[in-house]
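model.pdb (PDB, C-alpha atoms)
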ATOM      1  CA  MET A 110       7.632 -14.552 -18.666
ATOM      2  CA  GLY A 111       8.929 -11.426 -17.024
ATOM      3  CA  LEU A 112       8.879  -7.726 -17.663
ATOM      4  CA  TYR A 113      11.871  -5.876 -16.264
ATOM      5  CA  PHE A 114      12.362  -2.142 -15.783
ATOM      6  CA  ARG A 115      15.507  -0.172 -15.019
ATOM      7  CA  ARG A 116      15.961   3.534 -14.378
ATOM      8  CA  ASN A 117      19.055   4.761 -16.189
ATOM      9  CA  GLU A 118      21.521   7.394 -14.987
ATOM     10  CA  ASP A 119      20.450   9.731 -17.804
ATOM     11  CA  GLY A 120      16.861   9.819 -16.493
ATOM     12  CA  THR A 121      15.437   7.397 -19.045
ATOM     13  CA  THR A 122      13.812   4.061 -18.291
ATOM     14  CA  THR A 123      14.591   0.820 -20.083
ATOM     15  CA  GLY A 124      12.083  -2.005 -20.162
ATOM     16  CA  ARG A 125      12.538  -5.525 -21.490
ATOM     17  CA  ASN A 126      10.169  -8.407 -22.148
ATOM     18  CA  GLU A 127      12.329 -11.466 -21.471
ATOM     19  CA  GLU A 128      10.109 -13.798 -23.496
ATOM     20  CA  SER A 129       9.960 -11.793 -26.736
ATOM     21  CA  GLY A 130      13.227  -9.903 -26.357
ATOM     22  CA  PHE A 131      11.389  -6.618 -26.939
ATOM     23  CA  THR A 132      13.330  -3.748 -25.360
ATOM     24  CA  VAL A 133      12.462  -0.058 -25.233
ATOM     25  CA  THR A 134      14.185   2.965 -23.668
ATOM     26  CA  LEU A 135      12.314   6.244 -23.256
ATOM     27  CA  ALA A 136      12.200   9.278 -20.982
ATOM     28  CA  ASP A 137       8.545   8.527 -20.086
ATOM     29  CA  GLU A 138       8.497   5.572 -17.667
ATOM     30  CA  GLU A 139       4.756   5.005 -18.046
ATOM     31  CA  GLU A 140       5.075   4.812 -21.828
ATOM     32  CA  VAL A 141       7.795   2.172 -21.405
ATOM     33  CA  LYS A 142       5.456   0.158 -19.160
ATOM     34  CA  ARG A 143       2.533   0.573 -21.567
ATOM     35  CA  ARG A 144       4.584  -0.647 -24.540
ATOM     36  CA  LEU A 145       5.930  -3.663 -22.671
ATOM     37  CA  HIS A 146       2.474  -4.662 -21.478
ATOM     38  CA  GLU A 147       1.206  -4.313 -25.043
ATOM     39  CA  ASP A 148       4.073  -6.466 -26.350
ATOM     40  CA  ALA A 149       3.264  -9.131 -23.739
ATOM     41  CA  GLY A 150      -0.444  -9.035 -24.585
ATOM     42  CA  TRP A 151      -1.330  -7.842 -21.101
ATOM     43  CA  GLU A 152      -3.780  -5.100 -20.224
ATOM     44  CA  TYR A 153      -2.079  -1.923 -19.023
ATOM     45  CA  THR A 154      -3.711   0.221 -16.389
ATOM     46  CA  PRO A 155      -2.087   3.632 -15.998
ATOM     47  CA  PRO A 156      -1.486   4.923 -12.488
ATOM     48  CA  PRO A 157      -4.125   7.176 -10.953
ATOM     49  CA  PRO A 158      -3.568  10.920 -11.106
ATOM     50  CA  PRO A 159      -1.457  12.411  -8.316
ATOM     51  CA  VAL A 160      -3.231  13.314  -5.088
ATOM     52  CA  PRO A 161      -3.693  16.972  -4.135
ATOM     53  CA  PRO A 162      -1.001  18.516  -1.925
ATOM     54  CA  GLY A 163      -1.415  17.459   1.700
ATOM     55  CA  HIS A 164      -3.273  14.241   0.770
ATOM     56  CA  HIS A 165      -2.010  10.661   0.614
ATOM     57  CA  ARG A 166      -3.269   7.550  -1.183
ATOM     58  CA  PHE A 167      -3.124   4.139   0.531
ATOM     59  CA  PHE A 168      -5.008   0.888   1.124
ATOM     60  CA  LEU A 169      -6.087  -0.285   4.562
ATOM     61  CA  VAL A 170      -6.742  -3.983   5.040
ATOM     62  CA  ASP A 171      -7.948  -6.185   7.862
ATOM     63  CA  ASP A 172      -5.350  -8.941   7.654
ATOM     64  CA  ALA A 173      -6.318 -10.657  10.910
ATOM     65  CA  PHE A 174      -5.910 -14.401  10.635
ATOM     66  CA  GLY A 175      -9.141 -16.272   9.987
ATOM     67  CA  THR A 176     -11.201 -13.231   9.005
ATOM     68  CA  GLY A 177     -13.951 -13.460   6.440
ATOM     69  CA  GLY A 178     -13.971 -11.938   3.002
ATOM     70  CA  PHE A 179     -15.263  -8.649   1.679
ATOM     71  CA  GLY A 180     -18.909  -9.483   2.430
ATOM     72  CA  ASP A 181     -18.291 -10.425   6.073
ATOM     73  CA  GLU A 182     -20.990  -8.937   8.307
ATOM     74  CA  ARG A 183     -18.372  -7.300  10.571
ATOM     75  CA  TYR A 184     -17.658  -4.824   7.761
ATOM     76  CA  ALA A 185     -21.310  -3.926   7.001
ATOM     77  CA  GLY A 186     -21.158  -0.566   8.787
ATOM     78  CA  LEU A 187     -17.789   0.284   7.275
ATOM     79  CA  ARG A 188     -19.010  -0.673   3.786
ATOM     80  CA  ALA A 189     -22.072   1.555   4.281
ATOM     81  CA  ARG A 190     -20.268   4.485   5.960
ATOM     82  CA  PRO A 191     -16.546   4.485   5.168
ATOM     83  CA  PRO A 192     -14.405   7.403   6.310
ATOM     84  CA  ALA A 193     -14.449  10.397   3.975
ATOM     85  CA  GLY A 194     -11.996   9.804   1.153
ATOM     86  CA  CYS A 195     -12.140   5.990   1.462
ATOM     87  CA  VAL A 196     -13.921   3.467  -0.750
ATOM     88  CA  PRO A 197     -14.492  -0.199   0.203
ATOM     89  CA  VAL A 198     -12.842  -2.609  -2.258
ATOM     90  CA  ASP A 199     -12.670  -6.375  -2.531
ATOM     91  CA  ARG A 200      -9.031  -7.491  -2.590
ATOM     92  CA  GLY A 201      -9.864 -11.077  -1.712
ATOM     93  CA  ARG A 202     -10.586  -9.684   1.724
ATOM     94  CA  PHE A 203     -12.082  -6.433   2.981
ATOM     95  CA  ALA A 204     -10.017  -3.349   2.162
ATOM     96  CA  LEU A 205     -10.407   0.401   1.894
ATOM     97  CA  GLU A 206      -8.795   2.455  -0.841
ATOM     98  CA  CYS A 207      -8.197   5.835   0.748
ATOM     99  CA  GLU A 208      -7.107   9.302  -0.288
ATOM    100  CA  ARG A 209      -6.898  11.239   2.936
ATOM    101  CA  PRO A 210      -5.337  14.431   4.282
ATOM    102  CA  GLY A 211      -2.329  14.401   6.572
ATOM    103  CA  LYS A 212       0.993  16.112   7.226
ATOM    104  CA  SER A 213       2.615  12.840   6.138
ATOM    105  CA  LEU A 214       1.470   9.443   4.917
ATOM    106  CA  LEU A 215       1.877   8.024   8.419
ATOM    107  CA  ASP A 216      -0.263  10.869   9.815
ATOM    108  CA  ALA A 217      -3.014  10.167   7.246
ATOM    109  CA  VAL A 218      -2.953   6.420   7.995
ATOM    110  CA  THR A 219      -2.972   7.020  11.756
ATOM    111  CA  GLY A 220      -5.983   9.347  11.568
ATOM    112  CA  THR A 221      -7.899   6.938   9.367
ATOM    113  CA  VAL A 222      -7.163   3.877  11.553
ATOM    114  CA  ALA A 223      -8.219   5.855  14.657
ATOM    115  CA  GLU A 224     -11.473   7.007  13.015
ATOM    116  CA  ILE A 225     -12.366   3.462  11.926
ATOM    117  CA  ARG A 226     -11.669   2.091  15.397
ATOM    118  CA  ARG A 227     -13.663   4.875  17.061
ATOM    119  CA  GLU A 228     -16.637   4.815  14.658
ATOM    120  CA  HIS A 229     -16.843   1.111  13.795
ATOM    121  CA  GLY A 230     -14.903  -0.757  16.495
ATOM    122  CA  LEU A 231     -12.625  -2.341  13.880
ATOM    123  CA  VAL A 232      -8.847  -2.302  13.714
ATOM    124  CA  MET A 233      -7.419  -2.164  10.218
ATOM    125  CA  ASN A 234      -4.015  -3.750  10.706
ATOM    126  CA  SER A 235      -2.275  -3.683   7.341
ATOM    127  CA  LEU A 236      -1.632  -1.669   4.219
ATOM    128  CA  GLY A 237      -1.606  -4.880   2.206
ATOM    129  CA  ILE A 238       2.102  -4.725   1.369
ATOM    130  CA  GLU A 239       2.880  -8.213   0.058
ATOM    131  CA  LYS A 240       6.671  -8.237   0.438
ATOM    132  CA  PRO A 241       7.709  -5.537   2.927
ATOM    133  CA  GLN A 242      11.271  -6.864   2.955
ATOM    134  CA  GLU A 243      11.638  -5.493  -0.596
ATOM    135  CA  TRP A 244      12.434  -1.979   0.564
ATOM    136  CA  LEU A 245      12.139   0.554  -2.239
ATOM    137  CA  GLY A 246      12.840   4.261  -2.160
ATOM    138  CA  ALA A 247      13.412   6.868   0.491
ATOM    139  CA  ASP A 248      10.162   8.852   0.165
ATOM    140  CA  LYS A 249       8.408   8.870   3.526
ATOM    141  CA  ASN A 250       5.162   9.691   1.709
ATOM    142  CA  GLY A 251       5.679   7.045  -1.004
ATOM    143  CA  TYR A 252       6.213   3.278  -1.035
ATOM    144  CA  ALA A 253       8.841   3.429   1.721
ATOM    145  CA  GLY A 254       6.362   5.246   3.970
ATOM    146  CA  GLU A 255       3.617   2.752   3.121
ATOM    147  CA  THR A 256       5.968  -0.071   4.091
ATOM    148  CA  VAL A 257       6.710   1.528   7.483
ATOM    149  CA  ALA A 258       2.992   2.070   8.188
ATOM    150  CA  HIS A 259       2.227  -1.511   7.130
ATOM    151  CA  LEU A 260       4.947  -2.953   9.363
ATOM    152  CA  LEU A 261       3.840  -0.870  12.359
ATOM    153  CA  LEU A 262       0.179  -1.850  11.977
ATOM    154  CA  THR A 263       1.054  -5.504  11.501
ATOM    155  CA  ALA A 264       3.436  -5.459  14.471
ATOM    156  CA  ALA A 265       0.844  -3.792  16.715
ATOM    157  CA  HIS A 266      -1.793  -6.358  15.759
ATOM    158  CA  ARG A 267       0.452  -9.367  16.207
ATOM    159  CA  ALA A 268       1.879  -8.004  19.461
ATOM    160  CA  SER A 269      -1.639  -7.722  20.898
ATOM    161  CA  LEU A 270      -2.366 -11.333  19.877
ATOM    162  CA  LEU A 271       0.658 -12.364  21.944
ATOM    163  CA  GLY A 272      -0.386 -10.274  24.932
ATOM    164  CA  TYR A 273       2.037  -7.399  24.514
ATOM    165  CA  GLY A 274       0.648  -3.986  25.361
ATOM    166  CA  ARG A 275       1.341  -0.426  24.302
ATOM    167  CA  LYS A 276       4.013   0.029  26.962
ATOM    168  CA  ASP A 277       5.891  -3.021  25.662
ATOM    169  CA  LEU A 278       5.907  -1.630  22.136
ATOM    170  CA  VAL A 279       6.891   1.874  23.240
ATOM    171  CA  ARG A 280       9.699   0.414  25.375
ATOM    172  CA  LEU A 281      11.008  -1.439  22.300
ATOM    173  CA  LEU A 282      10.840   1.707  20.156
ATOM    174  CA  ASP A 283      12.644   3.675  22.871
ATOM    175  CA  ALA A 284      15.322   0.972  23.163
ATOM    176  CA  ALA A 285      15.781   1.035  19.381
ATOM    177  CA  GLY A 286      16.478   4.752  19.577
ATOM    178  CA  VAL A 287      13.334   5.958  17.790
ATOM    179  CA  GLU A 288      12.938   9.638  18.646
TER     180      GLU A 288
END
In structure tokens, write the structure found in this file.
Amino acid sequence: MGLYFRRNEDGTTTGRNEESGFTVTLADEEEVKRRLHEDAGWEYTPPPPPVPPGHHRFFLVDDAFGTGGFGDERYAGLRARPPAGCVPVDRGRFALECERPGKSLLDAVTGTVAEIRREHGLVMNSLGIEKPQEWLGADKNGYAGETVAHLLLTAAHRASLLGYGRKDLVRLLDAAGVE
């Protein structure tokens, strides 16, 4: 079974449940999603309210290979004293759901990762993006920005596992023309 959504040129959204054939087109995208979930017999959870201006919402995950789950002792201090604006959550592994200030999403993620490393000695190396190759949008503070932050954190972690250092990564970014 699949639920499919399409944004139309006129600003409406069309949703279709392939199994039942139920189709709905409305101006309110969330209402389209709610109705399709209802038709499929699935629970619908509306998105959280928007964050205040200058704040960004994201997940931070420790995706290191071979790490323990949410209850792993390494995360005890972080579970007890997470950074302000972050809440520990169990996503099959330890994660933080954060709503933090920053000039951009990348700035908010960077500050949070640095605080966790400084205060707890842990490196959160992912935003938990499952399929980063599925690039969506152009909003540097939305999903596209989350994907960039995820890829950078993952690349930094994996590079260190292979013995690459900061200078190696910066040299690559410079060679790629990143300003």
Find the residues around segment 152-160 of chain A up to 8 Å (only C-alpha atoms counted), leave out those fewer than 3 positions away in its own chain, and share them as a list in words. Glu139, Lys142, Arg143, His146, Glu147, His164, His165, Arg166 and Glu208 of chain A
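What separates atom CA of Phe167 of chain A from atom CA of Lys212 of chain A is a distance of 14.3 Å.
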Which value, in Å to one decimal, gives the distance between atom CA of Tyr273 of chain A and atom CA of His259 of chain A? 18.4 Å
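When all atoms listed in the file are used to measure the gap to Val196 of chain A, the shortest distance among A:Gly251, A:Thr123, A:Val133, A:Val170 belongs to A:Val170.
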In the coordinates of the file, take the point (-8.5, -4.2, -2.6) and a cut-off of 12 Å; then, counting only C-alpha atoms, name each qualifying protein, DNA or RNA residue as an MDAnalysis selection string. chainID A and resid 167:172 178:179 195:207 235:238
For a test of reading the model, state the distance in Å between atom CA of Gly194 of chain A and atom CA of Arg209 of chain A, rounded to one decimal. 5.6 Å
Axis-aligned box over every listed atom of segment 240-257 of chain A, padded by 6 Å per side: centre and edges in Å to one decimal, as JSON?
{"center_x": 8.5, "center_y": 0.7, "center_z": 2.6, "size_x": 21.8, "size_y": 29.9, "size_z": 21.7}
Spell out the residues picked by the PyMOL selection byres ((chain A and resi 254) around 12) here, as an MDAnalysis selection string. chainID A and resid 165:167 213:218 236 238 241 244:253 255:261
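Ranking A:Val141, A:Ala185, A:Ala136, A:Ala223 by their shortest atom-to-atom distance to Phe114 of chain A, with all atoms listed in the file included, puts A:Val141 first.
Here the PyMOL selection byres ((chain A and resi 192) around 8) catches exactly these residues: Leu187, Arg190, Pro191, Ala193, Gly194, Cys195, Thr221, Glu224 and Ile225 of chain A.
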Output the selection as an mmCIF file, keeping the file's coordinate frame - C-alpha atoms for each residue.
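Ended up saving to result-v7.cif:
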data_model
loop_
_atom_site.group_PDB
_atom_site.id
_atom_site.type_symbol
_atom_site.label_atom_id
_atom_site.label_comp_id
_atom_site.auth_asym_id
_atom_site.auth_seq_id
_atom_site.Cartn_x
_atom_site.Cartn_y
_atom_site.Cartn_z
ATOM 1 C CA LEU A 187 -17.789 0.284 7.275
ATOM 2 C CA ARG A 190 -20.268 4.485 5.960
ATOM 3 C CA PRO A 191 -16.546 4.485 5.168
ATOM 4 C CA ALA A 193 -14.449 10.397 3.975
ATOM 5 C CA GLY A 194 -11.996 9.804 1.153
ATOM 6 C CA CYS A 195 -12.140 5.990 1.462
ATOM 7 C CA THR A 221 -7.899 6.938 9.367
ATOM 8 C CA GLU A 224 -11.473 7.007 13.015
ATOM 9 C CA ILE A 225 -12.366 3.462 11.926
#
Nearest-residue call for Asp148 of chain A, choices A:Asp181, A:Glu239, A:Glu118, A:Glu128, using all atoms listed in the file: A:Glu128
Around (10.1, -11.0, -21.3) in the file's own coordinates, what residues are found within 12 Å if you use only C-alpha atoms, given back as a count of residues only? 22
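Nearest to His266 of chain A of all the residues A:Met233, A:Val222, A:Val287, A:Leu282 is A:Met233, based on all atoms listed in the file.
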